[in-house]
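Q: So that we are looking at the same thing, I have put the structure below in structure tokens.
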Amino acid sequence: MIDLRSDTLTRPTEGMRAAMARAEVGDDVFGEDPTVLALQERVADLLGHEAALFTPTGSMANLLAVRSLVGAGQEVLCESSAHIARAELGAHGAYTGLTMRTWTHPRGGVDLPALQRLFAPDMGPFFVATAAISVENTHNFAGGTVLPLADLQALRAWADEVGTRIHLDGARLWNAQVATGVPLRDYAGAADVLAVCLSKGLGAPVGSLVGGGADAIAEARVWRKRMGGGMRQVGVLAAAGLYALDHHVERLAEDHAHARLLAEACGVDPAGVDTNIVVLERADAPAYVAAAAEAGVRVSAVGPTTVRLVTHLDVTRADAERAAAVLARL
């Protein structure tokens, strides 16, 4: 069975398992796990931010990051198919009491004129005020699209003018860097806080990080504990992340090539596939998913007429070619 449901399905490589086994550990709730500290310092440096915090999940990383900018009764603006709005089970409203309003973009991108129309300044005790804007790079449900750096920089400049702040869901920001050659810190520089994930394309079994200013990360550490996310000898997992940064970033280009191969087989223009995700429109997505599984390829329905394919570390070129042949027949 070739599994294209998600890049979270990867299993640790032998080299990663060895790194985990020999990891030096301590109690991370006390801030004493040396491997976690090394990972946090390295990621903060890669992002060009003051500090970073290791979290067990990407949803928690996003929740902590957005919460640092948006309080109860305030709003965050985001694209209508953003992960924080569609795939985190309403956690942001449930835990922090914030509200969301959205704009729609066919590739999940920044529509600055639409944002400017949505933006609500503080007008006293009658209206909800916009506290932050959230963007996603790469954009999951838009098909792994990369947000152009120029768009993010224009958003940053306007946000500074009106006094609002920016959250970046960078779960697959590594893919954006590899696809474009733009350094992580250039993308991350557009955001006040951001989240990056180790357990998707990079192939670690667990883990994401929040990046931002020292004060925001200190507060995020408190809220991580408050939400039950305090971890002890977690260096065994942080070691997987460090190994992934050393060995699994540049190879993301292979996943991107495999995704374009699948897209072409399915009648999707490969030129529109930026990274490792292909989105197909099918009249009956569940039936298509079932037929693909019957033929040995697992894909996922992310809507009644939408199917998603995701390439990853455990999908070889031969796997991609075999899956392409199956999906082309369907």
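Going by the structure tokens order, chains are called A, B, ..., each with residues numbered from 1, while ligands are numbered from 1 in the order shown.
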For stretch 44-47 of chain A, work out the shell of residues within 10 Å, counting only C-alpha atoms and skipping chain neighbours fewer than 4 positions away, then give it as a list in words.
A: Ala38, Leu39, Gln40, Ala51, Ala52, Leu53, Pro183, Leu184, Arg185, Asp186, Tyr187, Ala188, Gly189, Leu194, Val196, Leu209, Val210, Gly211, Gly212 and Gly213 of chain A
Q: Give me the residues within 12 Å of A:Leu37 as a list in words, counting only C-alpha atoms and dropping any in the same chain fewer than 5 places off.
A: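 The filter keeps Glu24, Val25, Gly26, Asp27, Asp28, Val29, Phe30, Gly31, Glu32, Arg42, Val43, Ala44, Ala51, Ala52, Leu53, Phe54, Leu209, Gln233, Val234, Gly235, Ala238, Ala239, Gly241 and Leu242 of chain A.
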Q: Restricting the output to N, CA and C atoms, write the selected residues as a PDB file, in the first residue's frame.
A:
ATOM      1  N   GLU A  24      21.069  13.124  24.944  1.00  0.00           N
ATOM      2  CA  GLU A  24      21.247  13.560  26.330  1.00  0.00           C
ATOM      3  C   GLU A  24      19.962  14.248  26.770  1.00  0.00           C
ATOM      4  N   VAL A  25      19.457  13.923  27.957  1.00  0.00           N
ATOM      5  CA  VAL A  25      18.154  14.432  28.378  1.00  0.00           C
ATOM      6  C   VAL A  25      18.209  15.058  29.767  1.00  0.00           C
ATOM      7  N   GLY A  26      17.175  15.832  30.058  1.00  0.00           N
ATOM      8  CA  GLY A  26      16.958  16.435  31.364  1.00  0.00           C
ATOM      9  C   GLY A  26      15.478  16.744  31.485  1.00  0.00           C
ATOM     10  N   ASP A  27      15.087  17.466  32.515  1.00  0.00           N
ATOM     11  CA  ASP A  27      13.676  17.781  32.724  1.00  0.00           C
ATOM     12  C   ASP A  27      13.352  19.100  32.032  1.00  0.00           C
ATOM     13  N   ASP A  28      12.561  19.033  30.971  1.00  0.00           N
ATOM     14  CA  ASP A  28      12.298  20.232  30.177  1.00  0.00           C
ATOM     15  C   ASP A  28      11.367  21.202  30.878  1.00  0.00           C
ATOM     16  N   VAL A  29      10.505  20.736  31.786  1.00  0.00           N
ATOM     17  CA  VAL A  29       9.655  21.671  32.527  1.00  0.00           C
ATOM     18  C   VAL A  29      10.524  22.604  33.374  1.00  0.00           C
ATOM     19  N   PHE A  30      11.652  22.090  33.841  1.00  0.00           N
ATOM     20  CA  PHE A  30      12.618  22.925  34.553  1.00  0.00           C
ATOM     21  C   PHE A  30      13.560  23.646  33.600  1.00  0.00           C
ATOM     22  N   GLY A  31      13.377  23.452  32.294  1.00  0.00           N
ATOM     23  CA  GLY A  31      14.253  24.083  31.312  1.00  0.00           C
ATOM     24  C   GLY A  31      15.635  23.478  31.288  1.00  0.00           C
ATOM     25  N   GLU A  32      15.739  22.181  31.629  1.00  0.00           N
ATOM     26  CA  GLU A  32      17.050  21.562  31.818  1.00  0.00           C
ATOM     27  C   GLU A  32      17.337  20.412  30.865  1.00  0.00           C
ATOM     28  N   ARG A  42      18.689  26.426  17.912  1.00  0.00           N
ATOM     29  CA  ARG A  42      18.976  26.294  16.473  1.00  0.00           C
ATOM     30  C   ARG A  42      17.823  26.802  15.628  1.00  0.00           C
ATOM     31  N   VAL A  43      16.595  26.446  15.981  1.00  0.00           N
ATOM     32  CA  VAL A  43      15.443  26.870  15.191  1.00  0.00           C
ATOM     33  C   VAL A  43      15.250  28.384  15.301  1.00  0.00           C
ATOM     34  N   ALA A  44      15.418  28.938  16.485  1.00  0.00           N
ATOM     35  CA  ALA A  44      15.308  30.391  16.639  1.00  0.00           C
ATOM     36  C   ALA A  44      16.306  31.097  15.722  1.00  0.00           C
ATOM     37  N   ALA A  51      13.765  33.714  20.174  1.00  0.00           N
ATOM     38  CA  ALA A  51      13.636  32.473  20.950  1.00  0.00           C
ATOM     39  C   ALA A  51      12.660  31.538  20.253  1.00  0.00           C
ATOM     40  N   ALA A  52      12.669  30.288  20.718  1.00  0.00           N
ATOM     41  CA  ALA A  52      11.726  29.287  20.201  1.00  0.00           C
ATOM     42  C   ALA A  52      11.359  28.347  21.333  1.00  0.00           C
ATOM     43  N   LEU A  53      10.204  27.684  21.192  1.00  0.00           N
ATOM     44  CA  LEU A  53       9.702  26.772  22.212  1.00  0.00           C
ATOM     45  C   LEU A  53       9.236  25.486  21.552  1.00  0.00           C
ATOM     46  N   PHE A  54       9.715  24.353  22.038  1.00  0.00           N
ATOM     47  CA  PHE A  54       9.338  23.037  21.525  1.00  0.00           C
ATOM     48  C   PHE A  54       7.965  22.662  22.062  1.00  0.00           C
ATOM     49  N   LEU A 209       7.606  23.830  16.755  1.00  0.00           N
ATOM     50  CA  LEU A 209       8.171  24.905  17.569  1.00  0.00           C
ATOM     51  C   LEU A 209       7.462  26.207  17.294  1.00  0.00           C
ATOM     52  N   GLN A 233      11.642  14.420  30.116  1.00  0.00           N
ATOM     53  CA  GLN A 233      12.873  14.061  29.409  1.00  0.00           C
ATOM     54  C   GLN A 233      12.581  13.908  27.914  1.00  0.00           C
ATOM     55  N   VAL A 234      12.267  15.030  27.302  1.00  0.00           N
ATOM     56  CA  VAL A 234      11.767  15.010  25.929  1.00  0.00           C
ATOM     57  C   VAL A 234      12.882  15.187  24.902  1.00  0.00           C
ATOM     58  N   GLY A 235      14.112  15.198  25.383  1.00  0.00           N
ATOM     59  CA  GLY A 235      15.242  15.288  24.466  1.00  0.00           C
ATOM     60  C   GLY A 235      15.293  14.148  23.463  1.00  0.00           C
ATOM     61  N   ALA A 238      13.350  15.703  20.749  1.00  0.00           N
ATOM     62  CA  ALA A 238      14.067  16.847  20.182  1.00  0.00           C
ATOM     63  C   ALA A 238      15.248  16.374  19.336  1.00  0.00           C
ATOM     64  N   ALA A 239      15.860  15.261  19.726  1.00  0.00           N
ATOM     65  CA  ALA A 239      16.977  14.719  18.944  1.00  0.00           C
ATOM     66  C   ALA A 239      16.531  14.335  17.542  1.00  0.00           C
ATOM     67  N   GLY A 241      14.236  15.879  15.880  1.00  0.00           N
ATOM     68  CA  GLY A 241      14.141  17.136  15.161  1.00  0.00           C
ATOM     69  C   GLY A 241      15.493  17.641  14.695  1.00  0.00           C
ATOM     70  N   LEU A 242      16.496  17.552  15.555  1.00  0.00           N
ATOM     71  CA  LEU A 242      17.845  17.978  15.163  1.00  0.00           C
ATOM     72  C   LEU A 242      18.369  17.122  14.016  1.00  0.00           C
TER      73      LEU A 242
END
Q: Counting only C-alpha atoms, what are the residues of stretch 46-118 of chain A within 9 Å of stretch 150-155 of chain A, and for each of them which pair of atoms is the nearest and at what distance in Å, to one decimal? Sort the table by chain and rising number, as CSV.
A:
residue,atom,partner,partner_atom,distance
A:Gly109,CA,A:Asp151,CA,8.2
A:Val110,CA,A:Asp151,CA,6.4
A:Asp111,CA,A:Asp151,CA,8.5
A:Leu112,CA,A:Leu155,CA,6.8
Q: Using only C-alpha atoms, determine which residues lie at most 6 Å from stretch 266-277 of chain A, disregarding the query and same-chain residues fewer than 6 positions distant; provide the list as a PyMOL selection string.
A: chain A and resi 143-145+255-256+259-260+309-311+328
Q: Create the file for the chosen residues now, containing N, CA, C and O atoms and written as a short mmCIF file (atom, residue, chain, number, x, y, z; two decimals), in the first residue's frame.
A:
data_model
loop_
_atom_site.label_atom_id
_atom_site.label_comp_id
_atom_site.auth_asym_id
_atom_site.auth_seq_id
_atom_site.Cartn_x
_atom_site.Cartn_y
_atom_site.Cartn_z
N GLY A 143 -3.26 23.40 -1.67
CA GLY A 143 -2.39 22.53 -2.46
C GLY A 143 -0.91 22.77 -2.26
O GLY A 143 -0.13 22.62 -3.20
N GLY A 144 -0.52 23.11 -1.03
CA GLY A 144 0.91 23.30 -0.74
C GLY A 144 1.51 24.50 -1.43
O GLY A 144 2.71 24.52 -1.73
N THR A 145 0.70 25.52 -1.68
CA THR A 145 1.19 26.69 -2.39
C THR A 145 2.13 27.53 -1.51
O THR A 145 1.98 27.60 -0.29
N ASP A 255 10.36 15.17 -2.82
CA ASP A 255 8.92 15.11 -2.60
C ASP A 255 8.19 16.03 -3.58
O ASP A 255 7.12 15.68 -4.10
N HIS A 256 8.76 17.19 -3.83
CA HIS A 256 8.13 18.14 -4.75
C HIS A 256 8.09 17.57 -6.16
O HIS A 256 7.07 17.70 -6.87
N ALA A 259 5.41 14.94 -6.35
CA ALA A 259 4.07 15.54 -6.38
C ALA A 259 3.72 16.01 -7.79
O ALA A 259 2.59 15.83 -8.26
N ARG A 260 4.68 16.59 -8.49
CA ARG A 260 4.41 17.04 -9.86
C ARG A 260 4.14 15.85 -10.78
O ARG A 260 3.30 15.92 -11.68
N LEU A 309 -3.48 14.55 -2.16
CA LEU A 309 -2.35 13.63 -2.21
C LEU A 309 -1.14 14.36 -1.64
O LEU A 309 -0.90 15.52 -1.97
N VAL A 310 -0.39 13.69 -0.77
CA VAL A 310 0.78 14.31 -0.16
C VAL A 310 1.96 13.36 -0.27
O VAL A 310 1.90 12.21 0.20
N THR A 311 3.05 13.83 -0.87
CA THR A 311 4.27 13.03 -0.95
C THR A 311 5.15 13.30 0.26
O THR A 311 5.05 14.35 0.90
N ALA A 328 -3.94 7.55 -12.53
CA ALA A 328 -4.24 7.90 -13.92
C ALA A 328 -5.37 7.02 -14.46
O ALA A 328 -6.27 7.49 -15.18
#
Q: Please, what distance in Å, to one decimal, runs between atom CA of A:Ala204 and atom CA of A:Ser81?
A: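 Straight-line distance from atom CA of A:Ala204 to atom CA of A:Ser81 works out to 25.7 Å.
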